[in-house]
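The data block below is start.cif; it holds mmCIF, C-alpha atoms (C1' of nucleotides).
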```
data_my_file
loop_
_atom_site.label_atom_id
_atom_site.label_comp_id
_atom_site.auth_asym_id
_atom_site.auth_seq_id
_atom_site.Cartn_x
_atom_site.Cartn_y
_atom_site.Cartn_z
CA MET A 1 -189.72 113.71 -43.23
CA SER A 2 -186.64 115.65 -43.99
CA MET A 3 -184.76 115.33 -47.20
CA PRO A 4 -181.28 114.05 -46.55
CA VAL A 5 -179.99 114.46 -50.05
CA ALA A 6 -176.30 114.80 -49.41
CA GLY A 7 -174.95 112.73 -52.22
CA GLU A 8 -176.63 114.14 -55.26
CA ARG A 9 -174.61 117.24 -55.83
CA PRO A 10 -172.31 117.88 -58.74
CA ALA A 11 -169.80 119.50 -56.41
CA ALA A 12 -168.66 121.61 -59.26
CA VAL A 13 -166.86 124.50 -57.68
CA CYS A 14 -164.26 123.54 -55.18
CA CYS A 15 -163.34 119.93 -55.07
CA ALA A 16 -164.02 117.13 -52.62
CA PRO A 17 -165.76 113.90 -53.54
CA LEU A 18 -168.11 114.41 -50.65
CA GLY A 19 -170.50 111.71 -49.62
CA THR A 20 -168.41 108.78 -50.71
CA GLY A 21 -167.93 107.29 -47.29
CA ALA A 22 -170.04 109.45 -45.10
CA ILE A 23 -172.52 108.08 -42.65
CA GLY A 24 -176.19 108.92 -42.65
CA GLU A 25 -178.05 111.24 -40.32
CA GLU A 26 -179.50 108.44 -38.24
CA GLU A 27 -176.17 106.78 -37.66
CA ALA A 28 -174.59 110.12 -36.91
CA ARG A 29 -177.19 110.83 -34.27
CA ALA A 30 -176.73 107.45 -32.64
CA THR A 31 -172.98 107.90 -32.62
CA ALA A 32 -173.22 111.39 -31.19
CA GLU A 33 -175.46 110.05 -28.46
CA VAL A 34 -172.72 107.77 -27.22
CA PHE A 35 -170.08 110.47 -27.38
CA LYS A 36 -172.37 112.89 -25.60
CA ALA A 37 -172.70 110.41 -22.78
CA LEU A 38 -168.94 110.64 -22.33
CA GLY A 39 -168.86 114.39 -22.73
CA ASP A 40 -168.88 115.09 -19.03
CA PRO A 41 -165.90 114.97 -16.65
CA HIS A 42 -167.76 113.12 -13.94
CA ARG A 43 -169.02 110.49 -16.35
CA VAL A 44 -165.52 110.03 -17.70
CA ARG A 45 -164.32 109.44 -14.16
CA ILE A 46 -167.13 106.98 -13.54
CA VAL A 47 -166.17 105.00 -16.61
CA SER A 48 -162.56 105.20 -15.53
CA LEU A 49 -163.39 103.90 -12.10
CA LEU A 50 -165.46 101.07 -13.48
CA ALA A 51 -162.70 100.20 -15.93
CA ALA A 52 -160.16 100.02 -13.14
CA THR A 53 -161.78 97.04 -11.52
CA GLU A 54 -163.35 93.87 -12.79
CA ASP A 55 -165.95 93.86 -10.08
CA ALA A 56 -169.10 95.91 -10.01
CA VAL A 57 -169.13 99.10 -7.97
CA CYS A 58 -172.02 100.36 -5.92
CA VAL A 59 -173.25 103.94 -5.79
CA CYS A 60 -172.21 104.24 -2.18
CA ASP A 61 -168.61 103.93 -3.34
CA LEU A 62 -168.93 106.17 -6.35
CA THR A 63 -170.50 109.09 -4.53
CA PRO A 64 -167.61 109.90 -2.17
CA ALA A 65 -165.08 109.20 -4.91
CA LEU A 66 -166.62 111.77 -7.22
CA GLY A 67 -167.30 114.42 -4.65
CA ILE A 68 -170.78 115.27 -5.89
CA SER A 69 -174.21 114.70 -4.42
CA GLN A 70 -175.92 111.33 -4.61
CA PRO A 71 -178.76 112.48 -6.91
CA THR A 72 -176.22 113.83 -9.34
CA VAL A 73 -174.36 110.54 -9.33
CA SER A 74 -177.57 108.70 -10.10
CA HIS A 75 -178.24 111.17 -12.87
CA HIS A 76 -174.89 110.49 -14.52
CA LEU A 77 -175.26 106.74 -14.07
CA LYS A 78 -178.59 106.87 -15.82
CA LYS A 79 -177.02 108.73 -18.72
CA LEU A 80 -174.35 106.08 -19.11
CA LEU A 81 -176.96 103.37 -18.68
CA THR A 82 -179.18 104.81 -21.38
CA ALA A 83 -176.21 105.08 -23.69
CA GLY A 84 -175.58 101.39 -23.12
CA LEU A 85 -172.09 101.89 -21.75
CA ILE A 86 -172.70 100.39 -18.33
CA VAL A 87 -174.96 97.78 -16.82
CA ARG A 88 -176.87 97.76 -13.55
CA GLU A 89 -177.14 94.94 -11.06
CA GLN A 90 -179.26 95.13 -7.96
CA ARG A 91 -178.03 93.35 -4.85
CA GLY A 92 -180.55 93.86 -2.11
CA THR A 93 -180.61 97.53 -1.24
CA TRP A 94 -177.49 98.35 -3.21
CA SER A 95 -177.12 99.08 -6.88
CA TYR A 96 -173.95 97.81 -8.49
CA TYR A 97 -172.71 99.16 -11.77
CA SER A 98 -170.12 97.76 -14.11
CA LEU A 99 -168.80 98.48 -17.58
CA ASP A 100 -170.39 96.96 -20.63
CA ARG A 101 -167.12 95.76 -22.13
CA GLU A 102 -168.77 94.99 -25.40
CA ALA A 103 -170.12 98.52 -25.71
CA ILE A 104 -166.73 99.98 -24.96
CA GLU A 105 -165.25 97.80 -27.64
CA ARG A 106 -167.81 99.09 -30.13
CA LEU A 107 -166.91 102.60 -29.06
CA ALA A 108 -163.28 101.93 -29.79
CA VAL A 109 -164.21 100.75 -33.25
CA ILE A 110 -166.29 103.84 -33.86
CA ALA A 111 -163.52 106.10 -32.69
CA ASP A 112 -161.02 104.40 -34.93
CA LEU A 113 -161.82 106.43 -37.99
CA THR A 114 -158.36 106.08 -39.40
CA GLU A 115 -159.12 102.58 -40.51
CA VAL A 116 -162.14 103.70 -42.50
CA ALA A 117 -160.41 106.79 -43.71
CA ARG A 118 -157.31 105.24 -45.14
CA MET B 1 -171.84 101.92 5.75
CA SER B 2 -170.25 103.09 2.60
CA MET B 3 -166.54 102.76 2.19
CA PRO B 4 -164.64 104.30 -0.70
CA VAL B 5 -162.57 101.25 -1.35
CA ALA B 6 -162.83 101.24 -5.10
CA GLY B 7 -159.95 103.55 -5.83
CA GLU B 8 -157.19 101.48 -4.32
CA ARG B 9 -156.21 99.51 -7.35
CA PRO B 10 -152.68 99.02 -8.55
CA ALA B 11 -153.77 98.93 -12.19
CA ALA B 12 -150.67 97.32 -13.56
CA VAL B 13 -151.02 98.53 -17.08
CA CYS B 14 -148.63 100.16 -19.41
CA CYS B 15 -150.12 103.28 -20.84
CA ALA B 16 -153.87 103.31 -20.64
CA PRO B 17 -155.46 106.72 -20.23
CA LEU B 18 -158.88 105.74 -18.98
CA GLY B 19 -158.02 102.46 -17.39
CA THR B 20 -155.39 103.39 -14.87
CA GLY B 21 -157.58 103.52 -11.88
CA ALA B 22 -159.00 106.86 -10.95
CA ILE B 23 -157.78 109.46 -13.36
CA GLY B 24 -157.43 113.00 -12.15
CA GLU B 25 -160.07 115.62 -12.50
CA GLU B 26 -158.02 117.60 -14.94
CA GLU B 27 -157.45 114.66 -17.21
CA ALA B 28 -161.11 113.73 -16.98
CA ARG B 29 -162.09 117.22 -18.02
CA ALA B 30 -159.73 117.20 -20.97
CA THR B 31 -161.00 113.82 -22.10
CA ALA B 32 -164.61 114.88 -21.71
CA GLU B 33 -163.86 117.96 -23.79
CA VAL B 34 -162.89 115.81 -26.75
CA PHE B 35 -165.91 113.57 -26.39
CA LYS B 36 -168.17 116.57 -26.04
CA ALA B 37 -166.85 117.88 -29.33
CA LEU B 38 -168.13 114.69 -30.94
CA GLY B 39 -171.40 114.75 -29.04
CA ASP B 40 -173.33 116.40 -31.84
CA PRO B 41 -174.78 114.66 -34.93
CA HIS B 42 -173.61 117.36 -37.30
CA ARG B 43 -170.08 117.29 -35.97
CA VAL B 44 -170.03 113.51 -36.27
CA ARG B 45 -171.04 113.86 -39.88
CA ILE B 46 -168.37 116.47 -40.45
CA VAL B 47 -165.73 114.16 -39.07
CA SER B 48 -167.15 111.34 -41.12
CA LEU B 49 -167.05 113.43 -44.26
CA LEU B 50 -163.49 114.49 -43.58
CA ALA B 51 -162.53 110.91 -42.88
CA ALA B 52 -164.02 109.78 -46.18
CA THR B 53 -161.45 111.67 -48.20
CA GLU B 54 -157.75 112.24 -47.89
CA ASP B 55 -157.99 115.74 -49.24
CA ALA B 56 -159.12 118.79 -47.36
CA VAL B 57 -162.70 119.93 -47.71
CA CYS B 58 -163.87 123.51 -47.92
CA VAL B 59 -166.86 124.96 -46.11
CA CYS B 60 -168.69 125.57 -49.36
CA ASP B 61 -168.91 121.79 -49.80
CA LEU B 62 -169.75 121.02 -46.20
CA THR B 63 -172.63 123.46 -45.92
CA PRO B 64 -174.92 121.92 -48.56
CA ALA B 65 -173.95 118.41 -47.48
CA LEU B 66 -175.05 119.04 -43.92
CA GLY B 67 -178.20 120.95 -44.70
CA ILE B 68 -177.65 123.66 -42.10
CA SER B 69 -176.79 127.30 -42.38
CA GLN B 70 -173.27 128.48 -43.02
CA PRO B 71 -172.80 130.19 -39.63
CA THR B 72 -173.79 126.98 -37.92
CA VAL B 73 -171.27 125.02 -39.95
CA SER B 74 -168.56 127.47 -38.96
CA HIS B 75 -169.65 127.11 -35.37
CA HIS B 76 -169.28 123.35 -35.43
CA LEU B 77 -165.98 123.56 -37.26
CA LYS B 78 -164.65 125.83 -34.58
CA LYS B 79 -165.70 123.35 -31.92
CA LEU B 80 -163.82 120.55 -33.65
CA LEU B 81 -160.89 122.87 -34.24
CA THR B 82 -160.70 123.86 -30.58
CA ALA B 83 -160.85 120.21 -29.58
CA GLY B 84 -157.87 119.57 -31.82
CA LEU B 85 -159.67 117.05 -33.99
CA ILE B 86 -159.37 118.91 -37.28
CA VAL B 87 -156.99 121.40 -38.84
CA ARG B 88 -157.64 124.48 -40.91
CA GLU B 89 -155.90 125.54 -44.08
CA GLN B 90 -156.62 128.76 -45.91
CA ARG B 91 -156.40 128.81 -49.66
CA GLY B 92 -157.25 132.24 -50.92
CA THR B 93 -160.83 132.96 -50.06
CA TRP B 94 -161.62 129.37 -49.15
CA SER B 95 -161.09 127.61 -45.86
CA TYR B 96 -160.14 123.98 -46.16
CA TYR B 97 -160.54 121.60 -43.25
CA SER B 98 -159.11 118.16 -42.81
CA LEU B 99 -158.89 115.54 -40.09
CA ASP B 100 -156.05 115.55 -37.62
CA ARG B 101 -155.27 111.85 -38.04
CA GLU B 102 -153.00 111.90 -35.04
CA ALA B 103 -155.76 113.26 -32.81
CA ILE B 104 -158.19 110.64 -34.05
CA GLU B 105 -155.64 107.99 -33.28
CA ARG B 106 -155.26 109.32 -29.76
CA LEU B 107 -159.02 109.26 -29.42
CA ALA B 108 -159.11 105.63 -30.45
CA VAL B 109 -156.51 104.82 -27.82
CA ILE B 110 -158.49 106.60 -25.15
CA ALA B 111 -161.66 104.83 -26.11
CA ASP B 112 -160.00 101.45 -26.17
CA LEU B 113 -160.74 100.34 -22.66
CA THR B 114 -161.01 96.70 -23.49
CA GLU B 115 -157.31 96.11 -23.42
CA VAL B 116 -156.87 97.37 -19.90
CA ALA B 117 -160.23 96.24 -18.69
CA ARG B 118 -159.89 92.65 -19.71
"C1'" DT C 1 -195.64 96.61 11.86
"C1'" DT C 2 -192.16 100.66 12.26
"C1'" DC C 3 -187.57 102.33 11.61
"C1'" DT C 4 -183.48 102.89 8.99
"C1'" DT C 5 -180.60 102.85 4.93
"C1'" DG C 6 -179.45 103.04 -0.07
"C1'" DT C 7 -181.21 104.79 -4.69
"C1'" DA C 8 -184.10 106.75 -7.90
"C1'" DT C 9 -187.09 110.50 -9.12
"C1'" DC C 10 -189.02 115.16 -8.88
"C1'" DG C 11 -188.77 120.31 -9.18
"C1'" DA C 12 -186.28 124.29 -9.66
"C1'" DT C 13 -182.36 127.09 -11.10
"C1'" DG C 14 -178.48 128.78 -13.51
"C1'" DA C 15 -175.32 127.78 -17.18
"C1'" DA C 16 -174.17 125.96 -21.64
"C1'" DC C 17 -175.57 124.67 -26.21
"C1'" DG C 18 -177.43 124.73 -31.22
"C1'" DT C 19 -179.44 127.52 -34.45
"C1'" DC C 20 -180.11 131.36 -37.53
"C1'" DG C 21 -180.16 136.24 -39.45
"C1'" DA C 22 -177.39 140.16 -39.61
"C1'" DT C 23 -172.99 142.00 -39.82
"C1'" DG C 24 -167.93 142.17 -40.20
"C1'" DT C 25 -163.71 140.81 -42.66
"C1'" DA C 26 -160.54 139.23 -46.00
"C1'" DG C 27 -159.38 138.03 -50.72
"C1'" DC C 28 -160.30 137.98 -55.79
"C1'" DC C 29 -161.66 140.18 -60.17
"C1'" DG C 30 -163.28 143.58 -63.42
"C1'" DC D 1 -161.64 152.00 -57.23
"C1'" DG D 2 -166.21 149.22 -56.53
"C1'" DG D 3 -168.44 144.95 -56.34
"C1'" DC D 4 -168.57 140.18 -55.34
"C1'" DT D 5 -167.55 135.88 -52.85
"C1'" DA D 6 -166.35 132.81 -48.90
"C1'" DC D 7 -166.03 132.59 -44.26
"C1'" DA D 8 -166.01 134.14 -39.31
"C1'" DT D 9 -168.17 136.62 -35.67
"C1'" DC D 10 -172.00 138.76 -33.22
"C1'" DG D 11 -176.65 138.95 -30.96
"C1'" DA D 12 -180.61 136.78 -29.72
"C1'" DC D 13 -183.78 133.04 -28.91
"C1'" DG D 14 -185.33 128.52 -27.44
"C1'" DT D 15 -183.70 124.19 -25.83
"C1'" DT D 16 -180.96 121.14 -23.23
"C1'" DC D 17 -177.99 120.14 -19.42
"C1'" DA D 18 -175.76 119.65 -14.68
"C1'" DT D 19 -176.63 120.38 -10.10
"C1'" DC D 20 -178.79 120.15 -5.65
"C1'" DG D 21 -182.51 119.77 -1.96
"C1'" DA D 22 -186.64 117.49 -1.07
"C1'" DT D 23 -189.14 113.49 -1.60
"C1'" DA D 24 -190.66 108.87 -2.99
"C1'" DC D 25 -189.55 104.09 -3.26
"C1'" DA D 26 -187.52 99.55 -2.03
"C1'" DA D 27 -185.36 96.31 0.98
"C1'" DG D 28 -183.52 94.73 5.24
"C1'" DA D 29 -183.59 95.04 10.52
"C1'" DA D 30 -185.81 95.41 14.88
#
```
What is this file in structure tokens?
Amino acid sequence: MSMPVAGERPAAVCCAPLGTGAIGEEEARATAEVFKALGDPHRVRIVSLLAATEDAVCVCDLTPALGISQPTVSHHLKKLLTAGLIVREQRGTWSYYSLDREAIERLAVIADLTEVAR
Amino acid sequence: MSMPVAGERPAAVCCAPLGTGAIGEEEARATAEVFKALGDPHRVRIVSLLAATEDAVCVCDLTPALGISQPTVSHHLKKLLTAGLIVREQRGTWSYYSLDREAIERLAVIADLTEVAR
DNA sequence: TTCTTGTATCGATGAACGTCGATGTAGCCG
DNA sequence: CGGCTACATCGACGTTCATCGATACAAGAA
């Protein structure tokens, strides 16, 4: 166990009422996990491609669009899948992926720090 | 056979960064750069701490709040600074950091895929 | 069954990242 | 001036990541 104190300091010297609205370590790690999933150009393009259509897209379409090898595409899709940003749907031999609209909406809320900050 | 048919969408939207069909590689890289800056728990906490107050916060307050060494804090601050998410202000010996509200707002717009995706 | 196709996984490699101690630098005060 | 403080930079180490070729797996076709 670590000791996430963080809010028990007098903060005497400088200023700053630190810790008044800050999130905990666990929440920070979960949030960073989602952002990290989007911290790659190819994954951003995948999300962009999935957001451009309402239908699901199969890997056979994503691979030539991204210009990278098929194992790498699967690797990125798994990252997004683990982060809960996309969903997988198997149709016979093909794997179809689509955006998890709800997750994206949560992401938008997370990113909107101005609301919390004001 | 696989046909790259997914990228032929009109995407009749007004001004959606991630939703307008296939975004370019350059734009994807720039977007991923911002997300990557937030893809670390400590940096998420820094942003959260800065968002919790309207005033600027100096490093001497951030370091004990995060529980990591001072060089590491400076490292993370530089990452956020390079990404354009925070701004630096020097007051004598102290360095004060604060959120770039405009950048956060842009981030929220980027992350808001629901509007275009729906 | 065997053959073929579409995906996921494995293994390896090179690059990028987070972390810290040591050091450098700039500003304040006695 | 010297000494101290707050922060940035450097150097190194261990970890994680993105990438690809090779391979395993699953499902349909012959």
Might you spell out which residues the PyMOL selection byres ((chain A and resi 22-33) around 7) would select in the displayed file, as a short mmCIF file (atom, residue, chain, number, x, y, z; two decimals) with C-alpha atoms, in the frame of the given file?
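Wrote out.cif, looks like this:
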```cif
data_model
loop_
_atom_site.label_atom_id
_atom_site.label_comp_id
_atom_site.auth_asym_id
_atom_site.auth_seq_id
_atom_site.Cartn_x
_atom_site.Cartn_y
_atom_site.Cartn_z
CA GLY A 19 -170.50 111.71 -49.62
CA THR A 20 -168.41 108.78 -50.71
CA GLY A 21 -167.93 107.29 -47.29
CA VAL A 34 -172.72 107.77 -27.22
CA PHE A 35 -170.08 110.47 -27.38
CA LYS A 36 -172.37 112.89 -25.60
CA ALA A 37 -172.70 110.41 -22.78
CA ALA A 83 -176.21 105.08 -23.69
CA LEU B 38 -168.13 114.69 -30.94
CA GLY B 39 -171.40 114.75 -29.04
CA ASP B 40 -173.33 116.40 -31.84
CA PRO B 41 -174.78 114.66 -34.93
CA VAL B 44 -170.03 113.51 -36.27
CA ARG B 45 -171.04 113.86 -39.88
CA SER B 48 -167.15 111.34 -41.12
CA LEU B 49 -167.05 113.43 -44.26
CA ALA B 52 -164.02 109.78 -46.18
#
```
Matched chain/residue IDs from the PyMOL selection byres ((chain C) within 9 of (chain B)), as a PyMOL selection string:
chain C and resi 5+18-20+26-28
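Counting from atom C1' of D:DC1, the distance to atom C1' of C:DG30 is 10.6 Å.
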Rounded to one decimal place, report the atom C1' of C:DT4-atom CA of A:Ile86 distance in Å.
29.5 Å
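Restricting the calculation to all atoms listed in the file, the smallest distance between chain B and any of A:Ala108, A:Leu50, A:Ala56, A:Leu66 is found for A:Ala108.
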Quick check: residues of chain D within 10 Å of chain B, all atoms listed in the file, returned as an MDAnalysis selection string.
chainID D and resid 5:9
In terms of all atoms listed in the file, the residue from B:Gly67, B:Glu105, B:Asp100, B:Gly84 at minimal distance from B:Glu54 is B:Asp100
Quick check, in Å to one decimal: how far apart do atom CA of A:Gln90 and atom CA of A:Asp55 lie?
13.5 Å
Please provide the set of residues having any atom within 9 Å of D:DC10, restricted to only C-alpha atoms (C1' of nucleotides), with same-chain residues fewer than 6 positions apart removed, written as number ranges by chain.
C: 22-24
If you count only C-alpha atoms (C1' of nucleotides), which residues fall within 10 Å of C:DC3, apart from same-chain ones fewer than 2 positions away, as a count of residues only?
4
Can you translate the PyMOL selection byres ((chain C and resi 16) around 8) into the concrete residues it hits in this file, as a PyMOL selection string?
(chain C and resi 15+17) or (chain D and resi 17)
Could you tell me which of B:Leu80, B:Val57, B:Thr63, B:Tyr96 comes closest to chain A if we count all atoms listed in the file?
B:Val57
